[in-house]
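What follows is a set of notes on a single structure, which appears directly below.
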Amino acid sequence: MSNKPYVWQMIKEAVENSPNQKVTYAEIKNYIKNKYGNVNENTINAQIIVCTVNQPSRVHYPENQKPRIANSKYDFLFTVGRGQVVLYNPNEHGVWEIRKNEYGKLTVAQKGLEEDIAIAETIAETENGLESTEPDMLFPVESHLRDFIAQNIQSLDVNGKRLKLYIDDEGRNGVEYPTDVGLIDILAVDEEGNFVVFELKLSKGPDAAIGQIARYMGWVKENIAKGKNVSGVIVAKKVDDKLKYAASIVPEISLFEYQLNFTIQKASI
């Protein structure tokens, strides 16, 4: 029987023993590898997200699927930059929490601040780096669009087959699924177990969108597909000619458009 600590304990030890105040994902992995041998890097990535109090994606993991103040054993990291974390200090960083927003969805926010203000100041990333979120409309729209697709994934028809969210062996679902090359917006599987990667194109140009989804598809094929087919879906507000041309040479990629509809009516008094 192995006497190794849990991965989250390895991560905490790595940060506590680092000579640097700011510790990168790579430094954490090197520490763990040197002391404990080979540990799955995807598990390390996931556990860093789980334990980072201002990481929006942490709510998609089983450890963080109930509202609470950030004071548990899983609340010891704070993201300070691209691929960098420090030990969480409530006196310095404020008190963070997992709470339900007005739509009943779990979200990460600083206690006492509105959700959109708090989230706009956080950074959603992995070791290989996703861009920091900006305090504009794109983040909340993308977040809501992603959640809507995830909740209605079974009603979508891709390549003539119905879909469901991918669930890995650790119980992690396919919403903002962590990989060595970034976070997949949504990872789904069809009726035959084939994988479908969703990329939401709200602010990315066609070249960036194609490059990013191709990278994710390649990672899925190499690491978890186990011989199953891997296809991709790019969801955009408007599919223009540039995106059509770019996608035309990758037959495994489909293009979908979304629409936003708002209804305003007078409230009864």
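Labeling convention for the structure tokens: chains A, B, ... as they appear, residues from 1 per chain, ligands from 1 in order of appearance.
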>> Can you tell me which residues surround region 37-47 of chain A at a distance of at most 7 Å, considering only C-alpha atoms, apart from same-chain residues fewer than 5 positions away, and format the answer as an NGL selection string?
In response: :A and (7-8 or 32 or 126 or 178-180)
> If you run DSSP on this backbone, which residues of region 9-56 of chain A come out as alpha helix (DSSP H), and could you give them as a PyMOL selection string?
Replying inline: chain A and resi 9-16+25-36+41-50
Take the selection from the previous step and output its residues with N, CA, C and O atoms, as a tab-separated table (two decimals), in the first residue's frame.
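The result, stored in again-v9.tsv:
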```
chain	number	residue	atom	x	y	z
A	9	GLN	N	-2.20	17.55	-1.25
A	9	GLN	CA	-1.22	17.73	-0.19
A	9	GLN	C	0.18	17.91	-0.77
A	9	GLN	O	0.98	18.70	-0.24
A	10	MET	N	0.48	17.20	-1.86
A	10	MET	CA	1.76	17.39	-2.54
A	10	MET	C	1.89	18.81	-3.06
A	10	MET	O	2.95	19.45	-2.97
A	11	ILE	N	0.79	19.32	-3.65
A	11	ILE	CA	0.79	20.67	-4.19
A	11	ILE	C	1.03	21.69	-3.09
A	11	ILE	O	1.84	22.62	-3.22
A	12	LYS	N	0.33	21.54	-1.99
A	12	LYS	CA	0.50	22.47	-0.86
A	12	LYS	C	1.92	22.44	-0.34
A	12	LYS	O	2.53	23.49	-0.07
A	13	GLU	N	2.48	21.25	-0.23
A	13	GLU	CA	3.86	21.10	0.22
A	13	GLU	C	4.83	21.79	-0.75
A	13	GLU	O	5.78	22.46	-0.33
A	14	ALA	N	4.58	21.63	-2.05
A	14	ALA	CA	5.44	22.23	-3.06
A	14	ALA	C	5.45	23.75	-2.95
A	14	ALA	O	6.51	24.40	-3.03
A	15	VAL	N	4.28	24.34	-2.76
A	15	VAL	CA	4.18	25.80	-2.66
A	15	VAL	C	4.80	26.30	-1.36
A	15	VAL	O	5.52	27.30	-1.34
A	16	GLU	N	4.54	25.59	-0.27
A	16	GLU	CA	5.08	25.99	1.03
A	16	GLU	C	6.61	25.91	1.07
A	16	GLU	O	7.26	26.69	1.77
A	25	TYR	N	2.97	26.60	-12.17
A	25	TYR	CA	2.50	25.22	-12.28
A	25	TYR	C	3.68	24.28	-12.56
A	25	TYR	O	3.75	23.18	-12.01
A	26	ALA	N	4.59	24.71	-13.42
A	26	ALA	CA	5.75	23.87	-13.78
A	26	ALA	C	6.62	23.60	-12.56
A	26	ALA	O	7.11	22.47	-12.38
A	27	GLU	N	6.82	24.59	-11.72
A	27	GLU	CA	7.63	24.40	-10.51
A	27	GLU	C	6.96	23.43	-9.56
A	27	GLU	O	7.63	22.60	-8.92
A	28	ILE	N	5.64	23.51	-9.45
A	28	ILE	CA	4.91	22.56	-8.60
A	28	ILE	C	5.10	21.14	-9.12
A	28	ILE	O	5.38	20.20	-8.36
A	29	LYS	N	4.96	20.96	-10.43
A	29	LYS	CA	5.10	19.63	-11.01
A	29	LYS	C	6.51	19.08	-10.85
A	29	LYS	O	6.70	17.89	-10.57
A	30	ASN	N	7.51	19.94	-11.02
A	30	ASN	CA	8.89	19.50	-10.87
A	30	ASN	C	9.17	19.05	-9.44
A	30	ASN	O	9.85	18.05	-9.20
A	31	TYR	N	8.63	19.80	-8.47
A	31	TYR	CA	8.82	19.43	-7.06
A	31	TYR	C	8.21	18.06	-6.79
A	31	TYR	O	8.84	17.19	-6.17
A	32	ILE	N	6.99	17.87	-7.27
A	32	ILE	CA	6.29	16.60	-7.03
A	32	ILE	C	7.01	15.44	-7.71
A	32	ILE	O	7.20	14.37	-7.12
A	33	LYS	N	7.46	15.66	-8.94
A	33	LYS	CA	8.17	14.61	-9.67
A	33	LYS	C	9.47	14.23	-8.97
A	33	LYS	O	9.80	13.05	-8.84
A	34	ASN	N	10.22	15.24	-8.52
A	34	ASN	CA	11.50	14.98	-7.88
A	34	ASN	C	11.35	14.26	-6.54
A	34	ASN	O	12.19	13.45	-6.16
A	35	LYS	N	10.26	14.55	-5.82
A	35	LYS	CA	10.09	13.93	-4.50
A	35	LYS	C	9.25	12.67	-4.52
A	35	LYS	O	9.54	11.71	-3.79
A	36	TYR	N	8.22	12.65	-5.36
A	36	TYR	CA	7.27	11.54	-5.30
A	36	TYR	C	7.24	10.69	-6.57
A	36	TYR	O	6.45	9.75	-6.65
A	41	GLU	N	0.11	14.46	-14.73
A	41	GLU	CA	0.10	15.93	-14.81
A	41	GLU	C	-1.30	16.49	-14.92
A	41	GLU	O	-1.58	17.59	-14.44
A	42	ASN	N	-2.20	15.76	-15.56
A	42	ASN	CA	-3.58	16.23	-15.64
A	42	ASN	C	-4.21	16.29	-14.26
A	42	ASN	O	-4.99	17.20	-13.95
A	43	THR	N	-3.89	15.32	-13.42
A	43	THR	CA	-4.40	15.32	-12.05
A	43	THR	C	-3.85	16.50	-11.27
A	43	THR	O	-4.57	17.15	-10.51
A	44	ILE	N	-2.57	16.80	-11.47
A	44	ILE	CA	-1.96	17.96	-10.79
A	44	ILE	C	-2.63	19.24	-11.25
A	44	ILE	O	-3.01	20.09	-10.44
A	45	ASN	N	-2.81	19.40	-12.57
A	45	ASN	CA	-3.49	20.59	-13.10
A	45	ASN	C	-4.87	20.74	-12.48
A	45	ASN	O	-5.26	21.82	-12.03
A	46	ALA	N	-5.61	19.63	-12.45
A	46	ALA	CA	-6.97	19.67	-11.93
A	46	ALA	C	-6.98	20.05	-10.45
A	46	ALA	O	-7.80	20.86	-10.01
A	47	GLN	N	-6.07	19.47	-9.68
A	47	GLN	CA	-6.06	19.73	-8.25
A	47	GLN	C	-5.60	21.15	-7.92
A	47	GLN	O	-6.02	21.73	-6.92
A	48	ILE	N	-4.75	21.73	-8.76
A	48	ILE	CA	-4.39	23.14	-8.57
A	48	ILE	C	-5.63	24.01	-8.73
A	48	ILE	O	-5.89	24.92	-7.95
A	49	ILE	N	-6.43	23.71	-9.77
A	49	ILE	CA	-7.67	24.45	-9.98
A	49	ILE	C	-8.62	24.27	-8.81
A	49	ILE	O	-9.22	25.22	-8.31
A	50	VAL	N	-8.75	23.02	-8.35
A	50	VAL	CA	-9.63	22.71	-7.22
A	50	VAL	C	-9.28	23.57	-6.01
A	50	VAL	O	-10.15	24.07	-5.30
```
> Of the candidates A:Asn54, A:Ser72, A:Asn152, A:Asn223, which one gets nearest to Gln110 (chain A) if we count only C-alpha atoms?
Replying inline: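 Ranking A:Asn54, A:Ser72, A:Asn152, A:Asn223 by distance to Gln110 (chain A), first place goes to A:Asn54.
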>> What's around Val95 (chain A) at 10 Å? Count only C-alpha atoms, leave out sequence neighbours fewer than 4 positions away in its own chain, and write the answer as a ChimeraX atom specification.
In response: /A:53-54,69-71,88-91,109-112
Since we have the selection now, will you write its residues out, keeping N, CA and C atoms, as a PDB file, in the first residue's frame?
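Result went into result-v8.pdb, see below:
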```pdb
ATOM      1  N   VAL A  53      -8.685  29.517  -4.729  1.00  0.00           N
ATOM      2  CA  VAL A  53      -9.948  30.116  -4.277  1.00  0.00           C
ATOM      3  C   VAL A  53     -10.548  31.081  -5.288  1.00  0.00           C
ATOM      4  N   ASN A  54      -9.736  31.702  -6.152  1.00  0.00           N
ATOM      5  CA  ASN A  54     -10.267  32.647  -7.128  1.00  0.00           C
ATOM      6  C   ASN A  54     -10.253  32.089  -8.545  1.00  0.00           C
ATOM      7  N   ILE A  69     -17.724  29.109   2.413  1.00  0.00           N
ATOM      8  CA  ILE A  69     -16.625  30.056   2.535  1.00  0.00           C
ATOM      9  C   ILE A  69     -15.320  29.310   2.275  1.00  0.00           C
ATOM     10  N   ALA A  70     -14.351  29.983   1.681  1.00  0.00           N
ATOM     11  CA  ALA A  70     -13.071  29.345   1.357  1.00  0.00           C
ATOM     12  C   ALA A  70     -12.211  29.202   2.605  1.00  0.00           C
ATOM     13  N   ASN A  71     -12.477  28.157   3.384  1.00  0.00           N
ATOM     14  CA  ASN A  71     -11.665  27.895   4.574  1.00  0.00           C
ATOM     15  C   ASN A  71     -11.499  26.395   4.821  1.00  0.00           C
ATOM     16  N   TYR A  88      -2.857  31.230  -0.302  1.00  0.00           N
ATOM     17  CA  TYR A  88      -4.013  32.106  -0.060  1.00  0.00           C
ATOM     18  C   TYR A  88      -3.959  32.685   1.342  1.00  0.00           C
ATOM     19  N   ASN A  89      -4.110  34.009   1.411  1.00  0.00           N
ATOM     20  CA  ASN A  89      -4.146  34.723   2.686  1.00  0.00           C
ATOM     21  C   ASN A  89      -5.382  35.617   2.697  1.00  0.00           C
ATOM     22  N   PRO A  90      -6.432  35.267   3.438  1.00  0.00           N
ATOM     23  CA  PRO A  90      -7.666  36.067   3.438  1.00  0.00           C
ATOM     24  C   PRO A  90      -7.443  37.518   3.829  1.00  0.00           C
ATOM     25  N   ASN A  91      -6.482  37.772   4.693  1.00  0.00           N
ATOM     26  CA  ASN A  91      -6.204  39.153   5.109  1.00  0.00           C
ATOM     27  C   ASN A  91      -5.636  39.986   3.961  1.00  0.00           C
ATOM     28  N   ALA A 109     -16.574  33.931  -6.019  1.00  0.00           N
ATOM     29  CA  ALA A 109     -16.601  35.387  -5.853  1.00  0.00           C
ATOM     30  C   ALA A 109     -15.971  35.776  -4.523  1.00  0.00           C
ATOM     31  N   GLN A 110     -15.541  37.018  -4.466  1.00  0.00           N
ATOM     32  CA  GLN A 110     -15.036  37.549  -3.203  1.00  0.00           C
ATOM     33  C   GLN A 110     -16.214  37.968  -2.341  1.00  0.00           C
ATOM     34  N   LYS A 111     -16.197  37.574  -1.113  1.00  0.00           N
ATOM     35  CA  LYS A 111     -17.318  37.840  -0.210  1.00  0.00           C
ATOM     36  C   LYS A 111     -17.527  39.342  -0.082  1.00  0.00           C
ATOM     37  N   GLY A 112     -18.779  39.771  -0.263  1.00  0.00           N
ATOM     38  CA  GLY A 112     -19.109  41.178  -0.159  1.00  0.00           C
ATOM     39  C   GLY A 112     -19.116  41.912  -1.479  1.00  0.00           C
TER      40      GLY A 112
END
```
> With distances taken over only C-alpha atoms, which of A:Ser254, A:Glu63, A:Gly182, A:Thr107 is nearest to Gly160 (chain A)?
Replying inline: A:Ser254
>> Applying 7 Å and only C-alpha atoms, which residues near region 208-213 of chain A remain after dropping the ones on its own chain fewer than 6 positions away? List them as a list in words.
In response: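 Non-adjacent residues within range: Glu199, Lys201, Gly232, Ala246 and Ala247 of chain A.
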> So how far away is CA of Leu200 (chain A) from CA of Leu255 (chain A), in Å?
Replying inline: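 Separating CA of Leu255 (chain A) from CA of Leu200 (chain A) is a distance of 10.3 Å.
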> Skipping near chain neighbours, those fewer than 4 positions away, what residues fall within 6 Å of Arg162 (chain A) using only C-alpha atoms, listed as an MDAnalysis selection string?
Replying inline: chainID A and resid 154 157 190
Just write the chosen residues, all heavy atoms, as a short mmCIF file (atom, residue, chain, number, x, y, z; two decimals), in the first residue's frame.
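Result written to part.cif:
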```cif
data_model
loop_
_atom_site.label_atom_id
_atom_site.label_comp_id
_atom_site.auth_asym_id
_atom_site.auth_seq_id
_atom_site.Cartn_x
_atom_site.Cartn_y
_atom_site.Cartn_z
N GLN A 154 -27.89 17.25 -24.48
CA GLN A 154 -28.57 16.08 -25.01
C GLN A 154 -29.52 16.41 -26.15
O GLN A 154 -29.95 15.52 -26.89
CB GLN A 154 -29.32 15.36 -23.89
CG GLN A 154 -28.40 14.75 -22.84
CD GLN A 154 -29.15 14.03 -21.73
OE1 GLN A 154 -30.34 14.26 -21.52
NE2 GLN A 154 -28.47 13.16 -21.01
N ASP A 157 -27.61 17.79 -31.90
CA ASP A 157 -27.35 16.72 -32.86
C ASP A 157 -26.06 17.06 -33.60
O ASP A 157 -26.01 18.04 -34.36
CB ASP A 157 -28.53 16.60 -33.83
CG ASP A 157 -28.36 15.45 -34.80
OD1 ASP A 157 -27.23 15.17 -35.22
OD2 ASP A 157 -29.37 14.82 -35.15
N ASP A 190 -20.63 11.10 -27.82
CA ASP A 190 -21.89 10.75 -28.47
C ASP A 190 -22.35 9.36 -28.06
O ASP A 190 -21.77 8.73 -27.17
CB ASP A 190 -21.78 10.89 -30.00
CG ASP A 190 -20.82 9.88 -30.64
OD1 ASP A 190 -20.50 8.86 -30.00
OD2 ASP A 190 -20.39 10.12 -31.79
#
```
> Do you know which residues are at most 12 Å from Leu156 (chain A) counting only C-alpha atoms, after dropping those on the same chain fewer than 6 positions away, and could you put them as a ChimeraX atom specification?
Replying inline: /A:148-150,162-165,188-191,196,198,233,256
Just the selected residues (N, CA, C and O atoms), exported as a CSV table (one decimal), in the first residue's frame, please.
```
chain,number,residue,atom,x,y,z
A,148,PHE,N,-25.4,27.1,-20.8
A,148,PHE,CA,-26.6,26.7,-21.5
A,148,PHE,C,-26.4,25.5,-22.4
A,148,PHE,O,-27.2,24.6,-22.4
A,149,ILE,N,-25.3,25.5,-23.1
A,149,ILE,CA,-25.0,24.4,-24.0
A,149,ILE,C,-24.8,23.1,-23.2
A,149,ILE,O,-25.3,22.0,-23.5
A,150,ALA,N,-24.1,23.2,-22.0
A,150,ALA,CA,-23.8,22.1,-21.2
A,150,ALA,C,-25.2,21.5,-20.6
A,150,ALA,O,-25.3,20.3,-20.6
A,162,ARG,N,-26.8,12.1,-30.8
A,162,ARG,CA,-27.0,12.8,-29.6
A,162,ARG,C,-25.8,12.8,-28.7
A,162,ARG,O,-25.0,11.8,-28.7
A,163,LEU,N,-25.7,13.8,-27.9
A,163,LEU,CA,-24.5,13.9,-27.0
A,163,LEU,C,-24.9,13.9,-25.5
A,163,LEU,O,-26.0,14.1,-25.1
A,164,LYS,N,-23.8,13.7,-24.7
A,164,LYS,CA,-23.9,13.9,-23.3
A,164,LYS,C,-22.5,14.4,-22.8
A,164,LYS,O,-21.5,14.2,-23.5
A,165,LEU,N,-22.5,15.0,-21.7
A,165,LEU,CA,-21.2,15.5,-21.1
A,165,LEU,C,-20.3,14.3,-20.8
A,165,LEU,O,-20.7,13.3,-20.3
A,188,ALA,N,-17.7,16.6,-24.8
A,188,ALA,CA,-18.9,15.7,-24.8
A,188,ALA,C,-18.5,14.4,-25.5
A,188,ALA,O,-17.5,14.2,-26.1
A,189,VAL,N,-19.4,13.4,-25.3
A,189,VAL,CA,-19.3,12.1,-26.1
A,189,VAL,C,-20.7,11.8,-26.7
A,189,VAL,O,-21.7,12.2,-26.2
A,190,ASP,N,-20.6,11.1,-27.8
A,190,ASP,CA,-21.9,10.8,-28.5
A,190,ASP,C,-22.3,9.4,-28.1
A,190,ASP,O,-21.8,8.7,-27.2
A,191,GLU,N,-23.4,8.9,-28.7
A,191,GLU,CA,-24.0,7.6,-28.4
A,191,GLU,C,-23.0,6.4,-28.5
A,191,GLU,O,-23.2,5.4,-27.9
A,196,VAL,N,-16.5,14.8,-28.7
A,196,VAL,CA,-16.8,16.0,-29.4
A,196,VAL,C,-16.3,17.2,-28.5
A,196,VAL,O,-16.7,17.3,-27.4
A,198,PHE,N,-16.0,21.1,-27.9
A,198,PHE,CA,-16.7,22.4,-28.2
A,198,PHE,C,-15.8,23.6,-27.9
A,198,PHE,O,-15.2,23.7,-26.8
A,233,VAL,N,-16.6,21.2,-32.5
A,233,VAL,CA,-17.7,22.1,-32.9
A,233,VAL,C,-17.3,23.5,-32.4
A,233,VAL,O,-16.9,23.7,-31.3
A,256,PHE,N,-21.4,26.0,-35.7
A,256,PHE,CA,-22.7,26.3,-35.2
A,256,PHE,C,-22.8,27.8,-34.9
A,256,PHE,O,-21.8,28.4,-34.5
```
> Between A:Ile184, A:Ala214, A:Leu106, A:Val23, which is the closest to Gln84 (chain A) once you count only C-alpha atoms?
Replying inline: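 Once distances to Gln84 (chain A) are computed over only C-alpha atoms, the minimum belongs to A:Val23.
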> Do you have the CA of Gly174 (chain A)-CA of Gly227 (chain A) distance handy?
Replying inline: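 Here the two named atoms are 18.8 Å from each other.
Nearest to Glu252 (chain A) of all the residues A:Lys226, A:Lys238, A:Ile186, A:Met217 is A:Met217, counting only C-alpha atoms.
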>> To one decimal place in Å, what is the distance between CA of Tyr103 (chain A) and CA of Ile234 (chain A)?
In response: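 Answer for the CA of Tyr103 (chain A) to CA of Ile234 (chain A) separation: 25.6 Å.
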>> I need the residues of region 23-217 of chain A that end up classed as strand (DSSP E) by DSSP on the backbone, written out as a ChimeraX atom specification.
In response: /A:23-24,68-69,77-81,84-87,96-100,106-110,157-158,161-165,175-179,182-190,195-201
>> I'd like to know which of A:His144, A:Val86, A:Asn194, A:Ile167 is closest to Pro19 (chain A), using only C-alpha atoms.
In response: A:Val86
> A:Asp240, A:Val158, A:Tyr245, A:Val235: which is nearest Gln259 (chain A), counting only C-alpha atoms?
Replying inline: A:Val235
